[in-house]
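As stored in entry.csv (CSV, C-alpha atoms and all ligand atoms):
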chain,number,residue,atom,x,y,z
S,1,MET,CA,95.1,109.6,114.3
S,2,ASN,CA,94.8,110.2,110.6
S,3,GLU,CA,98.5,109.5,110.3
S,4,ALA,CA,98.1,106.1,112.0
S,5,LEU,CA,95.2,105.3,109.7
S,6,ASP,CA,97.2,106.4,106.7
S,7,ASP,CA,100.1,104.1,107.7
S,8,GLY,CA,97.8,101.1,107.6
S,9,ILE,CA,96.7,101.8,104.0
S,10,GLU,CA,99.9,100.7,102.3
S,11,ALA,CA,100.0,97.5,104.3
S,12,ARG,CA,96.4,96.7,103.4
S,13,VAL,CA,97.0,97.4,99.7
S,14,LEU,CA,100.0,95.1,99.6
S,15,LEU,CA,98.0,92.3,101.2
S,16,VAL,CA,95.2,92.7,98.7
S,17,ILE,CA,97.7,92.6,95.8
S,18,ALA,CA,99.4,89.5,97.2
S,19,ALA,CA,96.0,87.8,97.5
S,20,ALA,CA,95.0,88.7,94.0
S,21,ILE,CA,98.2,87.5,92.3
S,22,GLU,CA,98.6,84.6,94.8
S,23,CYS,CA,102.1,85.5,95.9
S,24,SER,CA,103.7,86.1,99.3
S,25,VAL,CA,103.1,89.5,100.7
S,26,GLU,CA,106.9,89.8,101.3
S,27,ASP,CA,107.4,89.8,97.5
S,28,VAL,CA,105.1,92.7,97.0
S,29,THR,CA,107.4,95.6,97.7
S,30,PRO,CA,106.0,99.0,96.9
S,31,ASN,CA,108.1,99.7,93.9
S,32,VAL,CA,108.4,96.4,92.1
S,33,PRO,CA,106.5,96.5,88.7
S,34,LEU,CA,103.4,94.3,89.0
S,35,LEU,CA,103.5,93.2,85.4
S,36,GLY,CA,106.7,91.4,84.6
S,37,GLY,CA,108.3,92.0,88.0
S,38,LEU,CA,105.7,90.1,90.0
S,39,GLY,CA,104.3,88.0,87.3
S,40,ALA,CA,100.9,89.6,87.3
S,41,GLU,CA,98.8,89.6,84.1
S,42,SER,CA,96.5,92.3,82.8
S,43,LEU,CA,93.5,90.5,84.2
S,44,ASP,CA,95.0,90.5,87.7
S,45,LEU,CA,95.1,94.3,87.6
S,46,LEU,CA,91.3,94.3,87.2
S,47,ASP,CA,91.0,91.8,90.0
S,48,ILE,CA,93.2,94.0,92.2
S,49,ALA,CA,90.9,97.0,91.5
S,50,PHE,CA,87.8,95.0,92.4
S,51,ARG,CA,89.3,93.7,95.6
S,52,LEU,CA,90.5,97.2,96.6
S,53,GLU,CA,87.0,98.5,96.0
S,54,ALA,CA,85.6,95.9,98.4
S,55,GLU,CA,88.4,96.4,101.0
S,56,PHE,CA,88.3,100.2,101.1
S,57,ARG,CA,84.7,100.8,99.8
S,58,ILE,CA,85.7,103.2,97.0
S,59,ARG,CA,85.2,103.2,93.2
S,60,MET,CA,88.6,102.6,91.5
S,61,PRO,CA,89.4,103.9,88.0
S,62,ARG,CA,89.1,101.6,85.1
S,63,LEU,CA,91.1,103.5,82.5
S,64,ASN,CA,94.8,104.2,82.3
S,65,VAL,CA,96.1,107.8,82.3
S,66,MET,CA,96.3,108.1,78.5
S,67,GLN,CA,92.7,106.8,78.1
S,68,ARG,CA,91.5,109.4,80.6
S,69,ALA,CA,93.6,112.2,79.1
S,70,GLU,CA,92.4,111.5,75.5
S,71,GLU,CA,89.0,112.9,76.4
S,72,HIS,CA,90.5,116.2,77.3
S,73,PHE,CA,93.5,116.6,75.0
S,74,GLY,CA,92.6,114.4,72.0
S,75,ARG,CA,94.5,111.3,71.1
S,76,ASP,CA,96.6,113.0,68.4
S,77,LYS,CA,98.3,115.2,70.9
S,78,LEU,CA,99.1,112.4,73.3
S,79,MET,CA,100.5,109.7,71.0
S,80,ARG,CA,101.6,109.1,67.4
S,81,ASN,CA,101.5,105.5,66.1
S,82,GLY,CA,101.1,104.3,69.7
S,83,VAL,CA,104.2,106.1,70.9
S,84,LEU,CA,103.7,108.9,73.5
S,85,THR,CA,104.4,112.4,72.5
S,86,ASP,CA,106.3,114.9,74.7
S,87,LEU,CA,102.9,116.0,76.1
S,88,GLY,CA,101.9,112.4,76.7
S,89,LEU,CA,105.2,111.8,78.6
S,90,GLU,CA,104.8,115.0,80.6
S,91,ILE,CA,101.3,113.9,81.7
S,92,VAL,CA,102.5,110.5,82.7
S,93,ARG,CA,105.3,112.1,84.7
S,94,ALA,CA,102.9,114.5,86.4
S,95,THR,CA,100.2,112.0,87.3
S,96,MET,CA,102.3,109.0,88.2
S,97,PRO,CA,104.9,110.4,90.5
S,98,GLU,CA,105.7,107.0,91.9
S,99,ALA,CA,106.6,105.5,88.5
S,100,ASP,CA,110.3,105.0,87.7
S,101,PRO,CA,111.4,108.2,85.9
S,102,ASP,CA,113.9,106.3,83.8
S,103,ARG,CA,111.1,104.4,82.1
S,104,ILE,CA,109.1,107.6,81.2
S,105,ARG,CA,111.3,108.5,78.2
S,106,PRO,CA,110.8,109.1,74.4
S,107,GLY,CA,109.8,105.9,72.7
S,108,LEU,CA,107.5,104.8,75.5
S,109,ARG,CA,104.4,103.2,73.9
S,110,ALA,CA,100.8,103.6,75.2
S,111,ALA,CA,100.6,99.8,75.3
S,112,GLU,CA,103.5,99.7,77.8
S,113,LEU,CA,101.9,102.0,80.4
S,114,GLY,CA,100.7,99.0,82.4
S,115,THR,CA,104.3,98.0,83.0
S,116,LEU,CA,104.8,101.3,85.0
S,117,LEU,CA,102.3,100.1,87.6
S,118,THR,CA,103.6,99.3,91.0
S,119,ALA,CA,101.9,98.6,94.4
S,120,GLN,CA,102.7,102.3,95.1
S,121,THR,CA,100.4,103.3,92.2
S,122,PHE,CA,97.5,101.5,93.8
S,123,VAL,CA,98.4,103.0,97.3
S,124,ARG,CA,98.3,106.5,95.8
S,125,VAL,CA,95.0,105.9,94.0
S,126,VAL,CA,93.4,104.3,97.1
S,127,ARG,CA,94.4,107.3,99.2
S,128,ARG,CA,93.1,109.7,96.6
S,129,MET,CA,89.8,108.0,96.4
S,130,LEU,CA,89.4,107.8,100.2
S,131,GLU,CA,90.0,111.5,100.3
S,132,ALA,CA,87.5,112.2,97.4
S,133,LYS,CA,84.8,110.0,99.1
S,134,LYS,CA,85.3,111.7,102.5
S,135,LYS,CA,84.8,115.1,100.7
S,136,ALA,CA,81.8,113.9,98.7
S,137,LEU,CA,80.1,112.5,101.8
S,138,ALA,CA,80.8,115.4,104.1
S,139,VAL,CA,77.3,116.9,103.5
S,140,CYS,CA,74.3,115.9,101.4
S,141,PRO,CA,74.7,117.4,97.9
S,142,HIS,CA,70.9,117.5,97.4
S,143,CYS,CA,69.9,119.4,100.6
S,144,PRO,CA,70.7,122.9,101.9
S,145,PRO,CA,73.3,122.6,104.7
S,146,GLN,CA,71.0,123.9,107.4
S,147,ARG,CA,68.6,121.0,106.8
S,148,GLY,CA,71.2,118.7,108.5
S,149,CYS,CA,70.8,115.9,106.0
S,150,THR,CA,73.9,113.7,106.2
S,151,PRO,CA,75.0,111.0,103.8
S,152,VAL,CA,74.9,107.5,105.4
S,153,GLU,CA,77.1,104.9,103.7
S,154,SER,CA,75.4,101.7,102.4
S,155,SER,CA,76.9,98.6,103.8
S,156,THR,CA,76.5,96.7,100.6
S,157,THR,CA,76.8,99.1,97.6
S,158,LEU,CA,79.3,101.8,96.7
S,159,GLU,CA,76.9,104.6,97.5
S,160,ALA,CA,75.4,106.5,100.4
S,161,THR,CA,71.9,107.8,101.1
S,162,GLY,CA,70.8,111.2,102.4
S,163,SER,CA,69.6,110.7,106.0
S,164,LEU,CA,66.6,112.9,105.5
S,165,CYS,CA,66.0,113.1,101.8
S,166,ALA,CA,66.9,109.5,101.1
S,167,THR,CA,68.5,110.5,97.8
S,168,ILE,CA,71.2,108.1,96.5
S,169,ILE,CA,74.7,109.6,96.5
S,170,PRO,CA,77.1,107.4,94.5
S,171,PHE,CA,80.7,107.3,95.7
S,172,PRO,CA,83.0,109.4,93.5
S,173,ALA,CA,84.1,107.4,90.4
S,174,GLY,CA,87.9,106.9,90.1
S,175,ASP,CA,88.1,108.0,86.5
S,176,ASP,CA,86.2,111.2,87.1
S,177,VAL,CA,88.3,112.2,90.1
S,178,LEU,CA,91.6,111.5,88.4
S,179,LEU,CA,90.6,113.3,85.2
S,180,GLU,CA,89.6,116.3,87.3
S,181,ASP,CA,93.1,116.2,89.0
S,182,LEU,CA,94.7,115.9,85.6
S,183,MET,CA,92.9,118.9,84.2
S,184,MET,CA,93.8,120.9,87.3
S,185,ALA,CA,97.4,120.0,86.9
S,186,SER,CA,97.5,120.9,83.3
S,187,ARG,CA,95.7,124.2,83.6
S,188,PRO,CA,98.1,127.0,82.6
S,201,ZN,ZN,69.7,115.2,101.6

Render the structure in this file as C-alpha cells.
Ligand SMILES: [Zn+2]
Amino acid sequence: MNEALDDGIEARVLLVIAAAIECSVEDVTPNVPLLGGLGAESLDLLDIAFRLEAEFRIRMPRLNVMQRAEEHFGRDKLMRNGVLTDLGLEIVRATMPEADPDRIRPGLRAAELGTLLTAQTFVRVVRRMLEAKKKALAVCPHCPPQRGCTPVESSTTLEATGSLCATIIPFPAGDDVLLEDLMMASRP
C-alpha cells in the first residue's frame, strides 16, 4: 500500500510544478532543470514550495544546501569568493543525489546552485518531509506514551494538537530536517 502511495507522489509533484510555472505537465520531466530548462524563475521556486506545502501538508525548506550547511561548517570552508570548495562540492553531491553529477564540478558557484534543481529534487524533499512528519506525529512528544495522547492534524495549519494535552505540535521544518540529515551524513 505504501508503495502505491509513493508512486502517486511524483505525479502530484509534477502537477504542482506545472501549475506554478504555467506549463504543460508533459514538459515537466523529472530531470529537466527548472531554471533555464523549463523557464522557471527564482520566485517560481518559492511558489512551488508554497504549493507543495498546501498539497502535501508539510513544511518545505526555505534555504539551499549551502545556506543550511554554513551554520554547521562555516562559510569559509564551503566557498571562496562564491565558488564552492571541495567540501562544498562534496556536500552538494551527497545531499542532492538526483542532480546531474557533471554539473557538480570545480568552479561551480553558490549562486548557480538553483540551476541544479529539478522536479526530482522536489520529489525527494517532499518524500523526506512526509517521512519526518509521520515520525514526528507518531506519538505526542509532550506526554508519556502510556497516557495514550495522540497528535491530531489540524485541517488548516501546518501543525497538530495532542488529543489529550491539547499542546500544539508544529510539523517538522524542512530546513531543520535537512540540516540534521546533512550532519548525520558528514559525521566521521
Ligand atoms: Zn500530549

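Residues of protein, DNA or RNA having any atom at most 6 Å from ligand ZN 201 (chain S), counting all atoms listed in the file, are Cys140, His142, Cys143, Cys149, Gly162, Leu164 and Cys165 of chain S.
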
### Message
Please list as a PyMOL selection string every residue within 8 Å of segment 118-125 of chain S, counting all atoms listed in the file and excluding residues in the same chain fewer than 6 positions away.
### Response
chain S and resi 9-10+13-14+17+28-34+60+96+98-99

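Across the model, the gap from atom CA of Glu22 of chain S to atom CA of Thr157 of chain S is 26.3 Å.
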
### Task
Identify, on the basis of all atoms listed in the file, every residue whose closest approach to segment 110-115 of chain S does not exceed 7 Å; exclude the query and any residue fewer than 6 positions from it along the same chain; express the result as a ChimeraX atom specification.
/S:33,35,82-84

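What separates atom CA of Leu137 of chain S from atom CA of Val16 of chain S is a distance of 25.1 Å.
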
### Task
Would you mind listing what lies within 9 Å of Ile104 of chain S as a list in words, with only C-alpha atoms counted and same-chain residues fewer than 4 positions away left out?
Leu89, Glu90, Val92, Arg93, Ala99, Asp100, Leu108 and Leu116 of chain S

Please, could you write that set of residues out with C-alpha atoms as a PDB file, in the coordinates of the input?
ATOM      1  CA  LEU S  89     105.200 111.800  78.600  1.00  0.00           C
ATOM      2  CA  GLU S  90     104.800 115.000  80.600  1.00  0.00           C
ATOM      3  CA  VAL S  92     102.500 110.500  82.700  1.00  0.00           C
ATOM      4  CA  ARG S  93     105.300 112.100  84.700  1.00  0.00           C
ATOM      5  CA  ALA S  99     106.600 105.500  88.500  1.00  0.00           C
ATOM      6  CA  ASP S 100     110.300 105.000  87.700  1.00  0.00           C
ATOM      7  CA  LEU S 108     107.500 104.800  75.500  1.00  0.00           C
ATOM      8  CA  LEU S 116     104.800 101.300  85.000  1.00  0.00           C
TER       9      LEU S 116
END

### Message
I'd like the interatomic distance between atom CA of Ser42 of chain S and atom CA of Leu87 of chain S, to a tenth of an Å.
### Response
25.4 Å

### Message
as a PyMOL selection string, please: the residues near Leu15 of chain S (cut-off 8 Å, only C-alpha atoms, same-chain neighbours under 4 positions excluded).
### Response
chain S and resi 11+19+25

### Closest of S:Glu26, S:Asn81, S:Met129, S:Pro145 to Gly107 of chain S - atom-to-atom distances counting all atoms listed in the file
S:Asn81

### Message
Given the point (73.7, 102.4, 97.2) in the file's coordinates, find the residues that have an atom at most 12 Å from it, counting all atoms listed in the file, and give them as a PyMOL selection string.
### Response
chain S and resi 57+151-162+166-171

Enumerate, in order of chain and increasing residue number, the residues of segment 159-180 of chain S with an atom no farther than 12 Å from segment 71-77 of chain S, each with its shortest atom pair and distance in Å to one decimal, counting only C-alpha atoms, as a tab-separated table.
residue	atom	partner	partner_atom	distance
S:Asp175	CA	S:Glu71	CA	11.3
S:Asp176	CA	S:Glu71	CA	11.2
S:Leu179	CA	S:His72	CA	8.4
S:Glu180	CA	S:His72	CA	10.0

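For the residues S:Ile58, S:Leu78, S:Thr95, S:Gln67, ranking by smallest atom-to-atom distance to Glu131 of chain S using all atoms listed in the file places S:Ile58 first.
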